[in-house]
$ cat start-v4.pdb   # PDB, C-alpha atoms
ATOM      1  CA  MET A  19      10.590 -17.805  15.184
ATOM      2  CA  ASN A  20      12.435 -15.749  17.803
ATOM      3  CA  ASP A  21      15.543 -17.928  17.629
ATOM      4  CA  GLN A  22      15.706 -17.801  13.817
ATOM      5  CA  ARG A  23      17.965 -15.351  12.039
ATOM      6  CA  VAL A  24      17.462 -13.864   8.605
ATOM      7  CA  ASP A  25      20.587 -13.861   6.448
ATOM      8  CA  PHE A  26      21.021 -10.478   4.765
ATOM      9  CA  ASP A  27      24.545 -11.151   3.527
ATOM     10  CA  THR A  28      24.470 -14.213   1.258
ATOM     11  CA  PRO A  29      23.777 -13.366  -2.412
ATOM     12  CA  ILE A  30      20.905 -15.384  -3.859
ATOM     13  CA  SER A  31      20.479 -15.758  -7.627
ATOM     14  CA  ARG A  32      16.952 -15.669  -9.037
ATOM     15  CA  ALA A  33      18.081 -16.101 -12.630
ATOM     16  CA  GLY A  34      16.104 -18.823 -14.366
ATOM     17  CA  THR A  35      13.268 -18.794 -11.801
ATOM     18  CA  HIS A  36      10.854 -16.784 -14.019
ATOM     19  CA  SER A  37      11.738 -13.717 -11.982
ATOM     20  CA  GLU A  38      10.118 -10.608 -13.431
ATOM     21  CA  LYS A  39      12.969  -8.549 -12.046
ATOM     22  CA  TYR A  40      15.791 -10.537 -13.650
ATOM     23  CA  ASP A  41      14.380 -12.812 -16.324
ATOM     24  CA  GLY A  42      12.156 -10.026 -17.654
ATOM     25  CA  ARG A  43      14.984  -7.642 -18.502
ATOM     26  CA  GLU A  44      15.371  -8.798 -22.104
ATOM     27  CA  ARG A  45      11.646  -8.395 -22.757
ATOM     28  CA  ILE A  46      11.381  -4.986 -21.104
ATOM     29  CA  PHE A  47      14.714  -3.341 -21.968
ATOM     30  CA  GLY A  48      15.864  -5.353 -24.970
ATOM     31  CA  THR A  49      18.943  -6.548 -23.086
ATOM     32  CA  ASP A  50      19.781  -8.302 -19.847
ATOM     33  CA  ALA A  51      22.900  -6.132 -19.418
ATOM     34  CA  VAL A  52      21.145  -3.720 -17.056
ATOM     35  CA  GLN A  53      20.794  -3.495 -13.312
ATOM     36  CA  PRO A  54      17.145  -4.301 -12.486
ATOM     37  CA  LEU A  55      16.321  -1.293 -10.316
ATOM     38  CA  TRP A  56      12.932  -0.767 -11.951
ATOM     39  CA  VAL A  57      10.826  -3.053  -9.747
ATOM     40  CA  ALA A  58      10.350  -3.117  -5.966
ATOM     41  CA  ASP A  59      11.473  -6.707  -5.499
ATOM     42  CA  MET A  60      14.179  -7.240  -2.889
ATOM     43  CA  ASP A  61      17.017  -9.754  -3.103
ATOM     44  CA  PHE A  62      16.711 -10.847   0.537
ATOM     45  CA  ALA A  63      15.360 -14.249   1.439
ATOM     46  CA  ALA A  64      11.967 -14.429   3.117
ATOM     47  CA  PRO A  65      11.976 -15.168   6.850
ATOM     48  CA  PRO A  66      12.615 -18.866   7.600
ATOM     49  CA  ALA A  67       9.211 -19.173   9.277
ATOM     50  CA  VAL A  68       7.499 -18.194   6.023
ATOM     51  CA  THR A  69       9.425 -20.759   4.009
ATOM     52  CA  ALA A  70       8.697 -23.439   6.600
ATOM     53  CA  ALA A  71       4.971 -22.655   6.524
ATOM     54  CA  LEU A  72       4.865 -22.796   2.713
ATOM     55  CA  ILE A  73       6.700 -26.123   2.665
ATOM     56  CA  ALA A  74       4.345 -27.561   5.276
ATOM     57  CA  ARG A  75       1.300 -26.462   3.269
ATOM     58  CA  ALA A  76       2.752 -27.725  -0.024
ATOM     59  CA  GLN A  77       3.168 -31.180   1.463
ATOM     60  CA  HIS A  78      -0.624 -31.530   1.373
ATOM     61  CA  PRO A  79      -1.165 -32.469  -2.299
ATOM     62  CA  ILE A  80      -4.513 -30.747  -2.870
ATOM     63  CA  TYR A  81      -4.352 -27.039  -3.665
ATOM     64  CA  GLY A  82      -8.028 -26.220  -3.828
ATOM     65  CA  TYR A  83     -10.061 -23.146  -3.007
ATOM     66  CA  THR A  84      -9.123 -22.005   0.462
ATOM     67  CA  ASP A  85     -10.704 -19.822   3.117
ATOM     68  CA  ALA A  86      -8.585 -17.352   5.050
ATOM     69  CA  PRO A  87      -8.044 -18.803   8.534
ATOM     70  CA  ASP A  88      -8.741 -16.952  11.752
ATOM     71  CA  SER A  89      -5.002 -17.004  12.399
ATOM     72  CA  LEU A  90      -4.406 -14.723   9.410
ATOM     73  CA  TYR A  91      -6.692 -12.026  10.783
ATOM     74  CA  ALA A  92      -5.115 -12.479  14.217
ATOM     75  CA  ALA A  93      -1.618 -12.058  12.734
ATOM     76  CA  ILE A  94      -2.638  -8.842  10.971
ATOM     77  CA  ARG A  95      -4.239  -7.402  14.079
ATOM     78  CA  ASP A  96      -1.329  -8.410  16.327
ATOM     79  CA  TRP A  97       1.201  -6.865  13.943
ATOM     80  CA  LEU A  98      -0.651  -3.558  13.683
ATOM     81  CA  GLN A  99      -1.063  -3.385  17.446
ATOM     82  CA  SER A 100       2.537  -4.232  18.324
ATOM     83  CA  ARG A 101       4.202  -2.348  15.484
ATOM     84  CA  HIS A 102       1.974   0.698  15.104
ATOM     85  CA  GLN A 103      -0.129   0.767  18.293
ATOM     86  CA  TRP A 104      -3.234   0.490  16.141
ATOM     87  CA  ALA A 105      -6.142  -1.576  17.430
ATOM     88  CA  VAL A 106      -8.112  -2.875  14.448
ATOM     89  CA  ALA A 107     -11.337  -4.866  14.593
ATOM     90  CA  ARG A 108     -11.497  -8.023  12.506
ATOM     91  CA  GLU A 109     -14.632  -6.867  10.705
ATOM     92  CA  ASP A 110     -12.745  -3.800   9.491
ATOM     93  CA  ILE A 111     -10.272  -5.955   7.497
ATOM     94  CA  LEU A 112     -10.900  -6.834   3.852
ATOM     95  CA  LEU A 113      -8.423  -9.243   2.250
ATOM     96  CA  THR A 114      -7.302  -8.458  -1.308
ATOM     97  CA  ALA A 115      -4.862  -9.851  -3.843
ATOM     98  CA  GLY A 116      -2.616  -6.780  -4.014
ATOM     99  CA  VAL A 117      -2.395  -3.063  -3.297
ATOM    100  CA  VAL A 118      -2.185  -2.102  -6.994
ATOM    101  CA  GLY A 119      -5.461  -3.858  -7.729
ATOM    102  CA  SER A 120      -6.915  -2.191  -4.658
ATOM    103  CA  LEU A 121      -5.959   1.230  -6.053
ATOM    104  CA  HIS A 122      -7.987   0.462  -9.158
ATOM    105  CA  ALA A 123     -10.878  -0.811  -7.036
ATOM    106  CA  ALA A 124     -10.815   2.386  -4.974
ATOM    107  CA  ALA A 125     -10.991   4.579  -8.077
ATOM    108  CA  LEU A 126     -14.001   2.593  -9.293
ATOM    109  CA  ALA A 127     -15.703   2.489  -5.888
ATOM    110  CA  PHE A 128     -15.308   6.066  -4.714
ATOM    111  CA  ALA A 129     -15.566   8.133  -7.907
ATOM    112  CA  GLY A 130     -17.785   7.976 -10.948
ATOM    113  CA  PRO A 131     -16.764   8.376 -14.600
ATOM    114  CA  GLY A 132     -15.324  11.841 -15.044
ATOM    115  CA  ASP A 133     -15.079  12.517 -11.328
ATOM    116  CA  GLY A 134     -11.761  13.797  -9.997
ATOM    117  CA  VAL A 135      -9.267  11.661  -8.099
ATOM    118  CA  ILE A 136      -6.223  13.368  -6.573
ATOM    119  CA  VAL A 137      -2.711  11.937  -6.952
ATOM    120  CA  GLN A 138       0.476  13.476  -5.544
ATOM    121  CA  PRO A 139       3.450  13.081  -7.912
ATOM    122  CA  PRO A 140       6.179  12.041  -8.068
ATOM    123  CA  VAL A 141       4.574   8.791  -7.000
ATOM    124  CA  TYR A 142       4.477   5.095  -7.878
ATOM    125  CA  PHE A 143       3.108   4.928 -11.442
ATOM    126  CA  PRO A 144       0.023   2.701 -10.794
ATOM    127  CA  PHE A 145      -1.483   5.612  -8.859
ATOM    128  CA  PHE A 146      -1.906   7.399 -12.192
ATOM    129  CA  SER A 147      -3.099   4.410 -14.221
ATOM    130  CA  ALA A 148      -5.611   3.441 -11.515
ATOM    131  CA  VAL A 149      -7.347   6.748 -12.243
ATOM    132  CA  THR A 150      -6.957   7.027 -16.009
ATOM    133  CA  ARG A 151      -7.801   3.403 -16.800
ATOM    134  CA  SER A 152     -10.932   3.733 -14.691
ATOM    135  CA  ASP A 153     -12.124   6.697 -16.782
ATOM    136  CA  ARG A 154     -11.788   9.000 -13.789
ATOM    137  CA  ARG A 155     -10.314  12.503 -14.015
ATOM    138  CA  LEU A 156      -6.720  12.766 -12.820
ATOM    139  CA  LEU A 157      -6.093  15.752 -10.538
ATOM    140  CA  LEU A 158      -2.378  16.270  -9.878
ATOM    141  CA  ASN A 159      -1.205  17.803  -6.597
ATOM    142  CA  PRO A 160       2.593  17.755  -7.079
ATOM    143  CA  LEU A 161       4.820  17.619  -4.035
ATOM    144  CA  ILE A 162       7.205  20.539  -3.539
ATOM    145  CA  GLU A 163      10.948  19.986  -3.090
ATOM    146  CA  ALA A 164      12.573  22.581  -0.847
ATOM    147  CA  ASP A 165      16.091  22.334   0.571
ATOM    148  CA  GLY A 166      16.255  18.641  -0.160
ATOM    149  CA  ARG A 167      12.954  17.818   1.552
ATOM    150  CA  TRP A 168       9.665  17.036  -0.131
ATOM    151  CA  GLN A 169       6.518  18.696   1.172
ATOM    152  CA  ILE A 170       2.820  18.734   0.373
ATOM    153  CA  ASP A 171       1.423  21.847  -1.289
ATOM    154  CA  PHE A 172      -1.637  22.132   0.940
ATOM    155  CA  ASP A 173      -3.086  25.221  -0.736
ATOM    156  CA  HIS A 174      -3.014  23.431  -4.078
ATOM    157  CA  LEU A 175      -4.400  20.258  -2.489
ATOM    158  CA  GLU A 176      -7.370  22.294  -1.237
ATOM    159  CA  ALA A 177      -7.899  23.691  -4.726
ATOM    160  CA  CYS A 178      -7.796  20.183  -6.236
ATOM    161  CA  ALA A 179     -10.259  18.935  -3.644
ATOM    162  CA  ALA A 180     -12.656  21.749  -4.551
ATOM    163  CA  ASP A 181     -12.356  20.910  -8.266
ATOM    164  CA  GLY A 182     -14.854  18.069  -8.284
ATOM    165  CA  ALA A 183     -12.601  15.591  -6.503
ATOM    166  CA  LYS A 184     -14.188  12.564  -4.867
ATOM    167  CA  ALA A 185     -11.085  10.812  -3.558
ATOM    168  CA  LEU A 186      -7.425  11.256  -2.671
ATOM    169  CA  LEU A 187      -4.934   8.466  -3.293
ATOM    170  CA  LEU A 188      -2.379   9.095  -0.557
ATOM    171  CA  CYS A 189       1.014   7.359  -0.432
ATOM    172  CA  SER A 190       2.190   7.182   3.196
ATOM    173  CA  PRO A 191       5.132   6.778   3.590
ATOM    174  CA  HIS A 192       5.607   8.235   0.141
ATOM    175  CA  ASN A 193       7.116   6.131  -2.644
ATOM    176  CA  PRO A 194       9.560   7.157  -4.066
ATOM    177  CA  VAL A 195      10.526  10.323  -2.160
ATOM    178  CA  GLY A 196      10.673   8.471   1.161
ATOM    179  CA  ARG A 197       8.811  11.031   3.257
ATOM    180  CA  VAL A 198       7.210   9.790   6.449
ATOM    181  CA  TRP A 199       4.377  12.270   6.866
ATOM    182  CA  ARG A 200       4.293  13.986  10.270
ATOM    183  CA  ARG A 201       1.265  14.138  12.525
ATOM    184  CA  ASP A 202       0.588  17.784  11.652
ATOM    185  CA  GLU A 203       0.787  17.039   7.922
ATOM    186  CA  LEU A 204      -1.651  14.142   8.243
ATOM    187  CA  ALA A 205      -3.974  16.357  10.295
ATOM    188  CA  GLN A 206      -3.986  18.955   7.488
ATOM    189  CA  ILE A 207      -4.827  16.262   4.940
ATOM    190  CA  LEU A 208      -7.731  15.094   7.082
ATOM    191  CA  ALA A 209      -9.008  18.640   7.540
ATOM    192  CA  ILE A 210      -9.039  19.221   3.774
ATOM    193  CA  ALA A 211     -10.814  15.904   3.241
ATOM    194  CA  ARG A 212     -13.485  16.835   5.780
ATOM    195  CA  ARG A 213     -14.137  20.205   4.188
ATOM    196  CA  ASN A 214     -14.485  18.654   0.742
ATOM    197  CA  ALA A 215     -16.115  15.278   1.535
ATOM    198  CA  LEU A 216     -13.166  13.317   0.167
ATOM    199  CA  VAL A 217     -12.557   9.610   0.594
ATOM    200  CA  ILE A 218      -8.888   9.006   1.390
ATOM    201  CA  PHE A 219      -7.313   5.791   0.168
ATOM    202  CA  SER A 220      -4.049   5.631   2.140
ATOM    203  CA  ASP A 221      -1.441   3.249   0.703
ATOM    204  CA  GLU A 222       0.711   2.417   3.737
ATOM    205  CA  ILE A 223       2.506  -0.619   2.340
ATOM    206  CA  HIS A 224       5.920   0.841   3.250
ATOM    207  CA  ALA A 225       4.955   1.552   6.860
ATOM    208  CA  ASP A 226       7.543  -0.853   8.276
ATOM    209  CA  LEU A 227      10.473   0.385   6.162
ATOM    210  CA  ILE A 228      11.449   3.756   7.593
ATOM    211  CA  TYR A 229      14.658   5.308   8.854
ATOM    212  CA  PRO A 230      15.605   5.285  12.543
ATOM    213  CA  GLY A 231      14.245   8.298  14.356
ATOM    214  CA  GLU A 232      11.105   8.416  12.221
ATOM    215  CA  ARG A 233       7.702   7.046  13.167
ATOM    216  CA  HIS A 234       4.947   6.045  10.806
ATOM    217  CA  ILE A 235       1.514   7.155  11.967
ATOM    218  CA  PRO A 236      -1.397   5.288  10.363
ATOM    219  CA  LEU A 237      -3.723   7.962   9.044
ATOM    220  CA  ALA A 238      -6.764   6.158  10.437
ATOM    221  CA  THR A 239      -5.469   6.505  13.998
ATOM    222  CA  LEU A 240      -5.983  10.272  13.705
ATOM    223  CA  ALA A 241      -9.496  10.026  12.305
ATOM    224  CA  GLN A 242     -12.563  11.682  13.741
ATOM    225  CA  PRO A 243     -16.112  10.324  13.459
ATOM    226  CA  GLY A 244     -17.302  10.789   9.908
ATOM    227  CA  ASP A 245     -13.833  10.687   8.302
ATOM    228  CA  ARG A 246     -13.833   8.338   5.309
ATOM    229  CA  ILE A 247     -10.548   6.447   5.189
ATOM    230  CA  VAL A 248      -9.408   3.175   3.652
ATOM    231  CA  THR A 249      -5.909   1.969   4.536
ATOM    232  CA  ALA A 250      -4.023  -0.461   2.300
ATOM    233  CA  MET A 251      -1.224  -2.600   3.764
ATOM    234  CA  ALA A 252       0.586  -5.850   3.016
ATOM    235  CA  PRO A 253       3.477  -7.990   4.276
ATOM    236  CA  SER A 254       5.056  -7.983   0.809
ATOM    237  CA  LYS A 255       7.467  -5.063   1.226
ATOM    238  CA  THR A 256       8.333  -5.824   4.845
ATOM    239  CA  PHE A 257       9.169  -9.491   4.312
ATOM    240  CA  ASN A 258       9.735  -9.670   0.523
ATOM    241  CA  LEU A 259       6.601 -11.693  -0.264
ATOM    242  CA  PRO A 260       5.094  -9.950  -3.332
ATOM    243  CA  GLY A 261       4.708 -13.189  -5.274
ATOM    244  CA  LEU A 262       2.239 -14.521  -2.695
ATOM    245  CA  GLY A 263      -0.367 -11.925  -3.684
ATOM    246  CA  LEU A 264      -1.562 -11.016  -0.201
ATOM    247  CA  SER A 265      -2.692  -7.589   0.941
ATOM    248  CA  TYR A 266      -5.494  -6.172   3.014
ATOM    249  CA  LEU A 267      -7.650  -3.083   3.320
ATOM    250  CA  ILE A 268      -8.816  -1.588   6.597
ATOM    251  CA  SER A 269     -11.759   0.724   7.113
ATOM    252  CA  SER A 270     -14.059   1.293  10.066
ATOM    253  CA  ASP A 271     -16.664   2.673   7.656
ATOM    254  CA  PRO A 272     -19.026  -0.161   6.631
ATOM    255  CA  ILE A 273     -20.283   1.819   3.627
ATOM    256  CA  LEU A 274     -16.763   2.132   2.216
ATOM    257  CA  ARG A 275     -16.129  -1.567   2.838
ATOM    258  CA  ASP A 276     -19.374  -2.488   1.066
ATOM    259  CA  GLU A 277     -18.488  -0.300  -1.918
ATOM    260  CA  LEU A 278     -15.102  -1.993  -2.211
ATOM    261  CA  ARG A 279     -16.666  -5.444  -1.888
ATOM    262  CA  ARG A 280     -19.127  -4.545  -4.626
ATOM    263  CA  VAL A 281     -16.348  -3.573  -7.033
ATOM    264  CA  LEU A 282     -14.132  -6.530  -6.148
ATOM    265  CA  ALA A 283     -17.039  -8.946  -6.494
ATOM    266  CA  GLY A 284     -17.842  -7.472  -9.902
ATOM    267  CA  LEU A 285     -14.281  -8.266 -10.975
ATOM    268  CA  HIS A 286     -14.407 -11.660  -9.228
ATOM    269  CA  VAL A 287     -11.326 -10.728  -7.206
TER     270      VAL A 287
END
$ encode --input "start-v4.pdb" --output "structure tokens"
Amino acid sequence: MNDQRVDFDTPISRAGTHSEKYDGRERIFGTDAVQPLWVADMDFAAPPAVTAALIARAQHPIYGYTDAPDSLYAAIRDWLQSRHQWAVAREDILLTAGVVGSLHAAALAFAGPGDGVIVQPPVYFPFFSAVTRSDRRLLLNPLIEADGRWQIDFDHLEACAADGAKALLLCSPHNPVGRVWRRDELAQILAIARRNALVIFSDEIHADLIYPGERHIPLATLAQPGDRIVTAMAPSKTFNLPGLGLSYLISSDPILRDELRRVLAGLHV
């Protein structure tokens, strides 16, 4: 793949391909005369190696139930090590069909009906629905905008955590404000979670899409023994592959992994 180049300059039309982004405009907005900026679906082609692999697989005419190959786990581990200097054990990886579904699974797994789950708005809207549709109690810890920079209100986060919260749904880097949380900010989040026995579900799907000069730090790399963290990641944002329905969860805590498996198995996902 090293000698292949991705073309970021040639416009590609998705009209008429059952594209939610383009062909869904009439259904959603009542007109197709709008710019489709409402969905995180890029207009760049996938890497040539991905297309080649899909074509090669499609040439086998049986599309039956399929196990994840060892090479998939190896690719995930290699990427995290090379890109984020994060050594992850294979047994810590749980494959899922998407990060949004995983948000819902986390709300069901880590909080009971009526229990509090913390969300930090303004944030991607499924964070809210994952809590409310699961009959969990939504605890809002709004970010603070000061001098053009968004920050976490840590005093208020502590108060939310003490208000019957069982879990925090963290967005890191944050969508849509674009903040890459610093090491000291992540350390404060972990300290609050420790004091209040919170599970942190850290959505890090945008980890590879940050501005030069910034560095994404996976929250789990700062963890201490006893910290309860689940990290959600996927290749979909990095390589524009959302239609393939591939994501993965990472946790070194076997109890958290078992709870997630229990919920996902109950949904047959």
$ residues_near_point --input "start-v4.pdb" --point "(-2.6, 12.2, 2.2)" --cutoff "9 Å" --atoms "all atoms listed in the file" --output "VMD selection string"
chain A and resid 138 170 186 to 190 199 203 to 204 206 to 208 218 to 220 237
$ residues_around --input "start-v4.pdb" --residues "A:His36" --least-positions-apart "6" --cutoff "12 Å" --atoms "all atoms listed in the file" --output "list in words"
Gly42, Arg43 and Gly261 of chain A
$ residues_near_point --input "start-v4.pdb" --point "(13.4, 11.6, 3.4)" --cutoff "12 Å" --atoms "all atoms listed in the file" --output "list in words"
Glu163, Ala164, Asp165, Gly166, Arg167, Trp168, Gln169, Pro191, His192, Asn193, Pro194, Val195, Gly196, Arg197, Val198, Trp199, Arg200, Leu227, Ile228, Tyr229, Pro230, Gly231 and Glu232 of chain A
$ write_last_selection --input "start-v4.pdb" --atoms "C-alpha atoms" --output "mmCIF file, keeping the file's coordinate frame"
data_model
loop_
_atom_site.group_PDB
_atom_site.id
_atom_site.type_symbol
_atom_site.label_atom_id
_atom_site.label_comp_id
_atom_site.auth_asym_id
_atom_site.auth_seq_id
_atom_site.Cartn_x
_atom_site.Cartn_y
_atom_site.Cartn_z
ATOM 1 C CA GLU A 163 10.948 19.986 -3.090
ATOM 2 C CA ALA A 164 12.573 22.581 -0.847
ATOM 3 C CA ASP A 165 16.091 22.334 0.571
ATOM 4 C CA GLY A 166 16.255 18.641 -0.160
ATOM 5 C CA ARG A 167 12.954 17.818 1.552
ATOM 6 C CA TRP A 168 9.665 17.036 -0.131
ATOM 7 C CA GLN A 169 6.518 18.696 1.172
ATOM 8 C CA PRO A 191 5.132 6.778 3.590
ATOM 9 C CA HIS A 192 5.607 8.235 0.141
ATOM 10 C CA ASN A 193 7.116 6.131 -2.644
ATOM 11 C CA PRO A 194 9.560 7.157 -4.066
ATOM 12 C CA VAL A 195 10.526 10.323 -2.160
ATOM 13 C CA GLY A 196 10.673 8.471 1.161
ATOM 14 C CA ARG A 197 8.811 11.031 3.257
ATOM 15 C CA VAL A 198 7.210 9.790 6.449
ATOM 16 C CA TRP A 199 4.377 12.270 6.866
ATOM 17 C CA ARG A 200 4.293 13.986 10.270
ATOM 18 C CA LEU A 227 10.473 0.385 6.162
ATOM 19 C CA ILE A 228 11.449 3.756 7.593
ATOM 20 C CA TYR A 229 14.658 5.308 8.854
ATOM 21 C CA PRO A 230 15.605 5.285 12.543
ATOM 22 C CA GLY A 231 14.245 8.298 14.356
ATOM 23 C CA GLU A 232 11.105 8.416 12.221
#
$ residues_around --input "start-v4.pdb" --residues "A:Val68" --least-positions-apart "4" --cutoff "12 Å" --atoms "all atoms listed in the file" --output "list in words"
Met19, Gln22, Val24, Ala63, Ala64, Leu72, Ile73, Ala74, Arg75, Pro253, Ser254, Phe257, Asn258, Leu259 and Leu262 of chain A
$ atom_distance --input "start-v4.pdb" --atom1 "atom CA of A:Pro260" --atom2 "atom CA of A:Met60"
9.5 Å
$ resolve_selection --input "start-v4.pdb" --expression "the PyMOL selection byres ((chain A and resi 242-252) around 7)" --output "VMD selection string"
chain A and resid 117 212 217 to 223 238 240 to 241 253 to 254 264 to 269 271
$ write_last_selection --input "start-v4.pdb" --atoms "C-alpha atoms" --output "JSON list (two decimals), in the frame of the given file"
[["chain", "number", "residue", "atom", "x", "y", "z"],
["A", 117, "VAL", "CA", -2.40, -3.06, -3.30],
["A", 212, "ARG", "CA", -13.48, 16.84, 5.78],
["A", 217, "VAL", "CA", -12.56, 9.61, 0.59],
["A", 218, "ILE", "CA", -8.89, 9.01, 1.39],
["A", 219, "PHE", "CA", -7.31, 5.79, 0.17],
["A", 220, "SER", "CA", -4.05, 5.63, 2.14],
["A", 221, "ASP", "CA", -1.44, 3.25, 0.70],
["A", 222, "GLU", "CA", 0.71, 2.42, 3.74],
["A", 223, "ILE", "CA", 2.51, -0.62, 2.34],
["A", 238, "ALA", "CA", -6.76, 6.16, 10.44],
["A", 240, "LEU", "CA", -5.98, 10.27, 13.70],
["A", 241, "ALA", "CA", -9.50, 10.03, 12.30],
["A", 253, "PRO", "CA", 3.48, -7.99, 4.28],
["A", 254, "SER", "CA", 5.06, -7.98, 0.81],
["A", 264, "LEU", "CA", -1.56, -11.02, -0.20],
["A", 265, "SER", "CA", -2.69, -7.59, 0.94],
["A", 266, "TYR", "CA", -5.49, -6.17, 3.01],
["A", 267, "LEU", "CA", -7.65, -3.08, 3.32],
["A", 268, "ILE", "CA", -8.82, -1.59, 6.60],
["A", 269, "SER", "CA", -11.76, 0.72, 7.11],
["A", 271, "ASP", "CA", -16.66, 2.67, 7.66]]
$ build_atoms --input "start-v4.pdb" --residues "stretch 27-40 of chain A" --atoms "N, CA, C and O atoms" --output "PDB file, keeping the file's coordinate frame"
ATOM      1  N   ASP A  27      23.221 -11.296   4.107  1.00  0.00           N
ATOM      2  CA  ASP A  27      24.545 -11.151   3.527  1.00  0.00           C
ATOM      3  C   ASP A  27      24.848 -12.104   2.376  1.00  0.00           C
ATOM      4  O   ASP A  27      25.708 -11.815   1.552  1.00  0.00           O
ATOM      5  N   THR A  28      24.171 -13.235   2.296  1.00  0.00           N
ATOM      6  CA  THR A  28      24.470 -14.213   1.258  1.00  0.00           C
ATOM      7  C   THR A  28      23.725 -13.877  -0.029  1.00  0.00           C
ATOM      8  O   THR A  28      22.488 -13.819  -0.032  1.00  0.00           O
ATOM      9  N   PRO A  29      24.452 -13.641  -1.134  1.00  0.00           N
ATOM     10  CA  PRO A  29      23.777 -13.366  -2.412  1.00  0.00           C
ATOM     11  C   PRO A  29      22.965 -14.581  -2.859  1.00  0.00           C
ATOM     12  O   PRO A  29      23.410 -15.720  -2.739  1.00  0.00           O
ATOM     13  N   ILE A  30      21.779 -14.325  -3.373  1.00  0.00           N
ATOM     14  CA  ILE A  30      20.905 -15.384  -3.859  1.00  0.00           C
ATOM     15  C   ILE A  30      20.525 -15.065  -5.301  1.00  0.00           C
ATOM     16  O   ILE A  30      19.988 -13.991  -5.579  1.00  0.00           O
ATOM     17  N   SER A  31      20.804 -15.985  -6.221  1.00  0.00           N
ATOM     18  CA  SER A  31      20.479 -15.758  -7.627  1.00  0.00           C
ATOM     19  C   SER A  31      19.047 -16.193  -7.921  1.00  0.00           C
ATOM     20  O   SER A  31      18.626 -17.286  -7.545  1.00  0.00           O
ATOM     21  N   ARG A  32      18.303 -15.322  -8.590  1.00  0.00           N
ATOM     22  CA  ARG A  32      16.952 -15.669  -9.037  1.00  0.00           C
ATOM     23  C   ARG A  32      16.900 -15.894 -10.543  1.00  0.00           C
ATOM     24  O   ARG A  32      15.822 -16.081 -11.110  1.00  0.00           O
ATOM     25  N   ALA A  33      18.041 -15.871 -11.187  1.00  0.00           N
ATOM     26  CA  ALA A  33      18.081 -16.101 -12.630  1.00  0.00           C
ATOM     27  C   ALA A  33      17.519 -17.485 -12.938  1.00  0.00           C
ATOM     28  O   ALA A  33      17.816 -18.470 -12.267  1.00  0.00           O
ATOM     29  N   GLY A  34      16.670 -17.555 -13.958  1.00  0.00           N
ATOM     30  CA  GLY A  34      16.104 -18.823 -14.366  1.00  0.00           C
ATOM     31  C   GLY A  34      14.934 -19.284 -13.523  1.00  0.00           C
ATOM     32  O   GLY A  34      14.479 -20.425 -13.665  1.00  0.00           O
ATOM     33  N   THR A  35      14.407 -18.422 -12.641  1.00  0.00           N
ATOM     34  CA  THR A  35      13.268 -18.794 -11.801  1.00  0.00           C
ATOM     35  C   THR A  35      11.986 -18.072 -12.251  1.00  0.00           C
ATOM     36  O   THR A  35      11.045 -17.975 -11.478  1.00  0.00           O
ATOM     37  N   HIS A  36      11.971 -17.568 -13.485  1.00  0.00           N
ATOM     38  CA  HIS A  36      10.854 -16.784 -14.019  1.00  0.00           C
ATOM     39  C   HIS A  36      10.657 -15.504 -13.219  1.00  0.00           C
ATOM     40  O   HIS A  36       9.539 -15.014 -13.059  1.00  0.00           O
ATOM     41  N   SER A  37      11.757 -14.960 -12.738  1.00  0.00           N
ATOM     42  CA  SER A  37      11.738 -13.717 -11.982  1.00  0.00           C
ATOM     43  C   SER A  37      11.450 -12.556 -12.925  1.00  0.00           C
ATOM     44  O   SER A  37      12.163 -12.345 -13.910  1.00  0.00           O
ATOM     45  N   GLU A  38      10.412 -11.791 -12.615  1.00  0.00           N
ATOM     46  CA  GLU A  38      10.118 -10.608 -13.431  1.00  0.00           C
ATOM     47  C   GLU A  38      11.284  -9.639 -13.394  1.00  0.00           C
ATOM     48  O   GLU A  38      11.633  -9.027 -14.408  1.00  0.00           O
ATOM     49  N   LYS A  39      11.889  -9.513 -12.229  1.00  0.00           N
ATOM     50  CA  LYS A  39      12.969  -8.549 -12.046  1.00  0.00           C
ATOM     51  C   LYS A  39      14.177  -8.881 -12.914  1.00  0.00           C
ATOM     52  O   LYS A  39      14.759  -7.981 -13.544  1.00  0.00           O
ATOM     53  N   TYR A  40      14.567 -10.146 -12.941  1.00  0.00           N
ATOM     54  CA  TYR A  40      15.791 -10.537 -13.650  1.00  0.00           C
ATOM     55  C   TYR A  40      15.505 -11.141 -15.021  1.00  0.00           C
ATOM     56  O   TYR A  40      16.082 -10.724 -16.023  1.00  0.00           O
TER      57      TYR A  40
END
